[in-house]
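Remarks on the structure that follows.
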Amino acid sequence: MGKHARKKQKTSPSEEAQPLGATSGHHDETAKDEEELRLESYLFGVADSSAAGPSDDFDTLLFDNGTDTRPSEFRNIGDDELFAIDEPPVDPSSSSQNAPTATNSSRKPSAWTDGDDATLEVSLANDKRRRKLRDVLAEDNVAGRDYERRLRRQFEKINPTPEWATNARKRLHGSTAKRRRTPTDSGTDEESAEEKEPGLDTLLSGTGSVLAGRKARVLPHGTLAIERLRDANLSAKAEGEIKAVQFHPSPKVPVLLTASSDRRLRLYTVDGHTNPHLQTLHIPSLPVTNAMFHPGGTSILLTGPRPFYYTYDLQTGTTQRSPRGLWGTTFSGNTEAARDGSMENCAFDPTGSVLAVAGRRGQVHLVDWRAGGGQVVGSVKMNSGAKSLWWVGEELFTLGEDSEVYVWDVGQRRCVRRWRDDGGYGSQLLAGDRSGKYLAIGSRMGIVNVYGSDAVSSSVDRPKPLKALGNLTTSITSLRFNHDSQLLAMASDVKKDQMRMVHLPSLTAFSNWPTSSTPLGHVTSVDFSAGSEYVALGNNRGRVLLYHLRDFGTL
C-alpha cells in the first residue's frame, strides 16, 4: 500500500504575527476610525499605520532616532495635562483670608537658626550609626535640615511621648484645639494663637509637676492611697541614726535634706525613681541633731547640743559658724551648766526674719535673722523649761515642762494667753499646721491631743481638744501636718514601728497603713513634701523611707 504524502497546512501568505495588544481576526480593522487606532497605539504600544509605518521594535513605535512620532495634536501636551479634575470655583477673597490662619497656626519660629544647616551634607551610608536613618537602602547623602528631621524622628521612635505629657497638653489646649475656625473668625486667629503659646511655654519652662496646680482633693477616711518608693538616701546612705529629715519649702525645688549622727548633712533630689545624691556636708565640731531650711529656701540652719550653730548657703555653697558668747549670760557663763548650753530646740517664724531658741530655765531667745543671723534682739521667760516651740503668724507658742502652753506677742515681749494642756500627760511636743486650723500636743504616754482653731485664736481661755488620739503607747517624738491640713503624721522612736497617719477631718487613723510588714523601724523624723506628693521617714538604721501619696499627684 503506497504511502500518502503528508498534507501540509495551508497558510495565508498575508497572515503575520501580531504584536501583543493588536486586534485579532474577529475584529475588523476597517471598522475602526482613525482616532480609535491612534489611542490604541498609545495604550498598547501598537503602531498606527496611518501615522507611522509598521515596526517590530517597541522603541520605534513612539520614537525614531530621538524624534517624537506622536500625532501633532498630542505632541506638545504634558502627561499631567491629559486629564482634568473638576473642582469648585475658589473665591479669591476667601483664600486670602485663610492664608494668615495657616501661618499663625504653624509652629513658633526658632529663637536661633544656624545658617550652615542649609549647606551641610551628611552621609548616611558611611557611618553604621546613621544607617538606620535611611528611608531607602541606596540613600546616602542628605541635607542638614533633612538630617535634623530624621534624628528627631528616630528619637521619638525610641522615646515616645509619655502619657502624662500627652494628657497635660490635652488639658492645656483641648478647648482651643476643638474650636473650628471660619473665614469670619480670621481676625481673632492671631489672638488665639498667642493665647495657646504661653500654656505650652509654661509647661516646658519648669521642672515641677504638671499636676501641682490642680484642685485640692478631699481625702476619704479609712484607707490611704500610698505606695512605697526607693529609699530617698539609697544613693548615699548614712552611717548612723537619722536625726532630721525635711523637704525644701518651695514646691518647685524637689530637694530633701537629711542630718545623721555621723555629723553629716546630705542633700538629695527627690524624683520618685533614682533620687540622686547632690551633696554631703561634714561638720566635725557639731553633732547635728536638728537641721531645717530657712523659710525663704536660701539656706540651711544646723544646730545641736552646742552653744553655736552653722548656716549653709545654698546659693554660694559656703558654710558659716556663729561666734561663741552670742547668747549673753545664758551660754557665756563660767558655770558648768552654762557651758553645756544647747540650741537643739529652735524654730523660724513664717517669714524667716526671727529665730526663736529655747534656752535654760525657761528662757526663749529671739534672734534677728534678717541680716543673716547672729544678732539677739530680746528674750521671753517661762515659769518652766521650754520643751517645744511653734509659730502661728506673728505669735509664738511655747510648751513648758509643766504642760502649760504660752502664747507670746513677740513685738511687745509679753505673754498674751496661757492655758494648760488637757490631761497633763507629761506634754513634751507641740506642732501646728500652716493655716492655724489645728494644734497638736504629744505626751510621754503616747497621747496626742488635737485642738481646733479656738486654741490658736484668743476666743477661748481654756480650749478643749477635739480628740485625744491614743493610737501610740510610747513617748511622742515626731508630729507633722501636711500642707492642706488633711493629714497628721505622729511617731515615736522609743519602740519599733510606732507610727500612725491620721485623717484630720474625721480624726481617725488610717487602717491600711502602716501594716505589721511595713519596715519602719524606730522612726526618728517625719516630713511631707511641699505638695504632699511624698512623705519621708527617717529611722535609727540610717535609712530614709520614701512613700508616694497618690491622692496628691502622680509620678
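Every chain in the C-alpha cells has a letter given in the order shown (A, B, ...), and although residue numbers restart at 1 in each chain, ligands are simply numbered from 1 in the order shown.
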Could you pull the residues within 12 Å of Glu163 (chain A), counting only C-alpha atoms, minus those fewer than 5 positions along the same chain, as an MDAnalysis selection string?
-> chainID A and resid 168:170 554:555
Spatial neighbours of Asp231 (chain A), max dist 12 Å, only C-alpha atoms, sep filter under 5 positions, as a PDB file with N, CA and C atoms, in the first residue's frame:
ATOM      1  N   ALA A 236      23.252  57.580  98.693  1.00  0.00           N
ATOM      2  CA  ALA A 236      24.313  57.921  99.666  1.00  0.00           C
ATOM      3  C   ALA A 236      23.747  57.656 101.052  1.00  0.00           C
ATOM      4  N   LYS A 237      24.017  56.484 101.577  1.00  0.00           N
ATOM      5  CA  LYS A 237      23.437  56.072 102.849  1.00  0.00           C
ATOM      6  C   LYS A 237      24.176  56.718 104.021  1.00  0.00           C
ATOM      7  N   ALA A 238      23.448  56.899 105.095  1.00  0.00           N
ATOM      8  CA  ALA A 238      24.030  57.442 106.319  1.00  0.00           C
ATOM      9  C   ALA A 238      24.631  56.316 107.151  1.00  0.00           C
ATOM     10  N   LEU A 256      15.599  67.258  99.263  1.00  0.00           N
ATOM     11  CA  LEU A 256      15.407  66.728 100.612  1.00  0.00           C
ATOM     12  C   LEU A 256      16.739  66.760 101.345  1.00  0.00           C
ATOM     13  N   TYR A 268      19.498  65.564  98.618  1.00  0.00           N
ATOM     14  CA  TYR A 268      19.065  64.664  97.547  1.00  0.00           C
ATOM     15  C   TYR A 268      18.008  65.365  96.699  1.00  0.00           C
ATOM     16  N   THR A 269      17.988  64.985  95.434  1.00  0.00           N
ATOM     17  CA  THR A 269      16.897  65.389  94.540  1.00  0.00           C
ATOM     18  C   THR A 269      15.868  64.272  94.525  1.00  0.00           C
ATOM     19  N   VAL A 270      14.658  64.578  94.925  1.00  0.00           N
ATOM     20  CA  VAL A 270      13.603  63.566  95.037  1.00  0.00           C
ATOM     21  C   VAL A 270      12.783  63.591  93.748  1.00  0.00           C
ATOM     22  N   ASP A 271      12.937  62.536  92.944  1.00  0.00           N
ATOM     23  CA  ASP A 271      12.153  62.391  91.717  1.00  0.00           C
ATOM     24  C   ASP A 271      11.251  61.164  91.748  1.00  0.00           C
ATOM     25  N   GLY A 272      11.317  60.383  92.809  1.00  0.00           N
ATOM     26  CA  GLY A 272      10.484  59.201  92.919  1.00  0.00           C
ATOM     27  C   GLY A 272      11.057  57.970  92.260  1.00  0.00           C
ATOM     28  N   HIS A 273      12.215  58.091  91.589  1.00  0.00           N
ATOM     29  CA  HIS A 273      12.787  56.947  90.866  1.00  0.00           C
ATOM     30  C   HIS A 273      14.197  56.641  91.376  1.00  0.00           C
ATOM     31  N   THR A 274      15.153  57.484  91.040  1.00  0.00           N
ATOM     32  CA  THR A 274      16.543  57.240  91.447  1.00  0.00           C
ATOM     33  C   THR A 274      16.957  58.082  92.643  1.00  0.00           C
ATOM     34  N   ASN A 275      16.339  59.262  92.835  1.00  0.00           N
ATOM     35  CA  ASN A 275      16.658  60.161  93.949  1.00  0.00           C
ATOM     36  C   ASN A 275      18.162  60.409  94.054  1.00  0.00           C
ATOM     37  N   PRO A 276      18.752  61.057  93.050  1.00  0.00           N
ATOM     38  CA  PRO A 276      20.215  61.221  93.046  1.00  0.00           C
ATOM     39  C   PRO A 276      20.716  62.071  94.207  1.00  0.00           C
ATOM     40  N   HIS A 277      21.919  61.744  94.641  1.00  0.00           N
ATOM     41  CA  HIS A 277      22.575  62.463  95.733  1.00  0.00           C
ATOM     42  C   HIS A 277      23.218  63.724  95.186  1.00  0.00           C
ATOM     43  N   PRO A 519       8.347  48.106 106.871  1.00  0.00           N
ATOM     44  CA  PRO A 519       9.668  48.133 107.537  1.00  0.00           C
ATOM     45  C   PRO A 519      10.015  49.521 108.060  1.00  0.00           C
ATOM     46  N   LEU A 520       9.290  49.994 109.054  1.00  0.00           N
ATOM     47  CA  LEU A 520       9.532  51.343 109.559  1.00  0.00           C
ATOM     48  C   LEU A 520      10.745  51.411 110.474  1.00  0.00           C
ATOM     49  N   TYR A 534       4.963  63.375  98.524  1.00  0.00           N
ATOM     50  CA  TYR A 534       5.843  62.407  99.167  1.00  0.00           C
ATOM     51  C   TYR A 534       5.793  62.600 100.683  1.00  0.00           C
ATOM     52  N   VAL A 535       6.088  61.521 101.383  1.00  0.00           N
ATOM     53  CA  VAL A 535       6.323  61.571 102.815  1.00  0.00           C
ATOM     54  C   VAL A 535       7.585  60.768 103.093  1.00  0.00           C
ATOM     55  N   ALA A 536       8.512  61.373 103.855  1.00  0.00           N
ATOM     56  CA  ALA A 536       9.805  60.754 104.146  1.00  0.00           C
ATOM     57  C   ALA A 536       9.865  60.413 105.634  1.00  0.00           C
ATOM     58  N   LEU A 537      10.387  59.221 105.919  1.00  0.00           N
ATOM     59  CA  LEU A 537      10.506  58.730 107.296  1.00  0.00           C
ATOM     60  C   LEU A 537      11.949  58.331 107.553  1.00  0.00           C
ATOM     61  N   GLY A 538      12.593  58.968 108.513  1.00  0.00           N
ATOM     62  CA  GLY A 538      13.943  58.584 108.905  1.00  0.00           C
ATOM     63  C   GLY A 538      13.908  57.668 110.114  1.00  0.00           C
ATOM     64  N   ASN A 539      14.806  56.690 110.160  1.00  0.00           N
ATOM     65  CA  ASN A 539      14.813  55.753 111.288  1.00  0.00           C
ATOM     66  C   ASN A 539      16.215  55.625 111.866  1.00  0.00           C
ATOM     67  N   GLY A 542      19.645  54.479 109.800  1.00  0.00           N
ATOM     68  CA  GLY A 542      20.259  55.311 108.773  1.00  0.00           C
ATOM     69  C   GLY A 542      19.519  55.313 107.453  1.00  0.00           C
ATOM     70  N   ARG A 543      18.301  54.822 107.408  1.00  0.00           N
ATOM     71  CA  ARG A 543      17.513  54.786 106.175  1.00  0.00           C
ATOM     72  C   ARG A 543      16.460  55.886 106.198  1.00  0.00           C
ATOM     73  N   VAL A 544      16.165  56.418 105.015  1.00  0.00           N
ATOM     74  CA  VAL A 544      15.094  57.389 104.847  1.00  0.00           C
ATOM     75  C   VAL A 544      14.073  56.762 103.904  1.00  0.00           C
ATOM     76  N   LEU A 545      13.013  56.222 104.464  1.00  0.00           N
ATOM     77  CA  LEU A 545      11.976  55.584 103.667  1.00  0.00           C
ATOM     78  C   LEU A 545      11.154  56.648 102.957  1.00  0.00           C
ATOM     79  N   LEU A 546      10.857  56.397 101.694  1.00  0.00           N
ATOM     80  CA  LEU A 546      10.118  57.357 100.878  1.00  0.00           C
ATOM     81  C   LEU A 546       8.839  56.705 100.378  1.00  0.00           C
ATOM     82  N   TYR A 547       7.723  57.390 100.594  1.00  0.00           N
ATOM     83  CA  TYR A 547       6.413  56.903 100.163  1.00  0.00           C
ATOM     84  C   TYR A 547       5.734  57.971  99.318  1.00  0.00           C
ATOM     85  N   HIS A 548       4.924  57.491  98.375  1.00  0.00           N
ATOM     86  CA  HIS A 548       4.199  58.380  97.466  1.00  0.00           C
ATOM     87  C   HIS A 548       2.716  58.347  97.803  1.00  0.00           C
TER      88      HIS A 548
END
For region 481-483 of chain A: contacts at 8 Å, only C-alpha atoms, fewer than 2 positions along chain excluded, given as a VMD selection string | chain A and resid 431 to 434 479 485 to 489 528 to 532
Would you please extract all strand (DSSP E or B) residues from region 259-438 of chain A, as assigned by DSSP on the backbone, and give them as a VMD selection string?
-> chain A and resid 259 to 260 264 to 269 277 to 282 290 to 293 299 to 303 310 to 313 319 to 321 346 to 348 354 to 358 363 to 368 375 to 381 386 to 392 395 to 400 404 to 409 414 to 420 427 to 432
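Shell of Asp114 (chain A) at 12 Å, with only C-alpha atoms counted and residues fewer than 6 places along the chain excluded, is Leu120, Gly144, Arg145 and Glu148 of chain A.
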Which polymer residues have any atom within 9 Å of an atom of Gly411 (chain A), counting only C-alpha atoms, with same-chain residues fewer than 3 positions away left out, as a PyMOL selection string?
-> chain A and resi 394-395+408+414
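When CA of Val523 (chain A) is paired with CA of Thr319 (chain A), their separation reads 29.0 Å.
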In terms of the shortest atom-to-atom distance over only C-alpha atoms, which of A:Phe348, A:Pro307, A:Tyr147, A:Glu401 is closest to Thr119 (chain A)?
-> A:Tyr147
Within region 328-429 of chain A, find each residue whose DSSP state, derived from the backbone, is helix (DSSP H, G or I), and express the selection as number ranges by chain.
-> A: 329-332, 336-339
Within 10 Å of region 499-507 of chain A, counting only C-alpha atoms, which residues show up once you throw out same-chain ones fewer than 5 positions away? Write them as a PyMOL selection string, please.
-> chain A and resi 218-224+438+450+466-469+471-472+476+478-481+485-493+512-515+520-524+526+537
To one decimal place, how far is CA of Thr289 (chain A) from CA of Lys243 (chain A) in Å?
-> 5.3 Å
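Pairwise distance (CA of Leu429 (chain A), CA of Val448 (chain A)) equals 9.3 Å.
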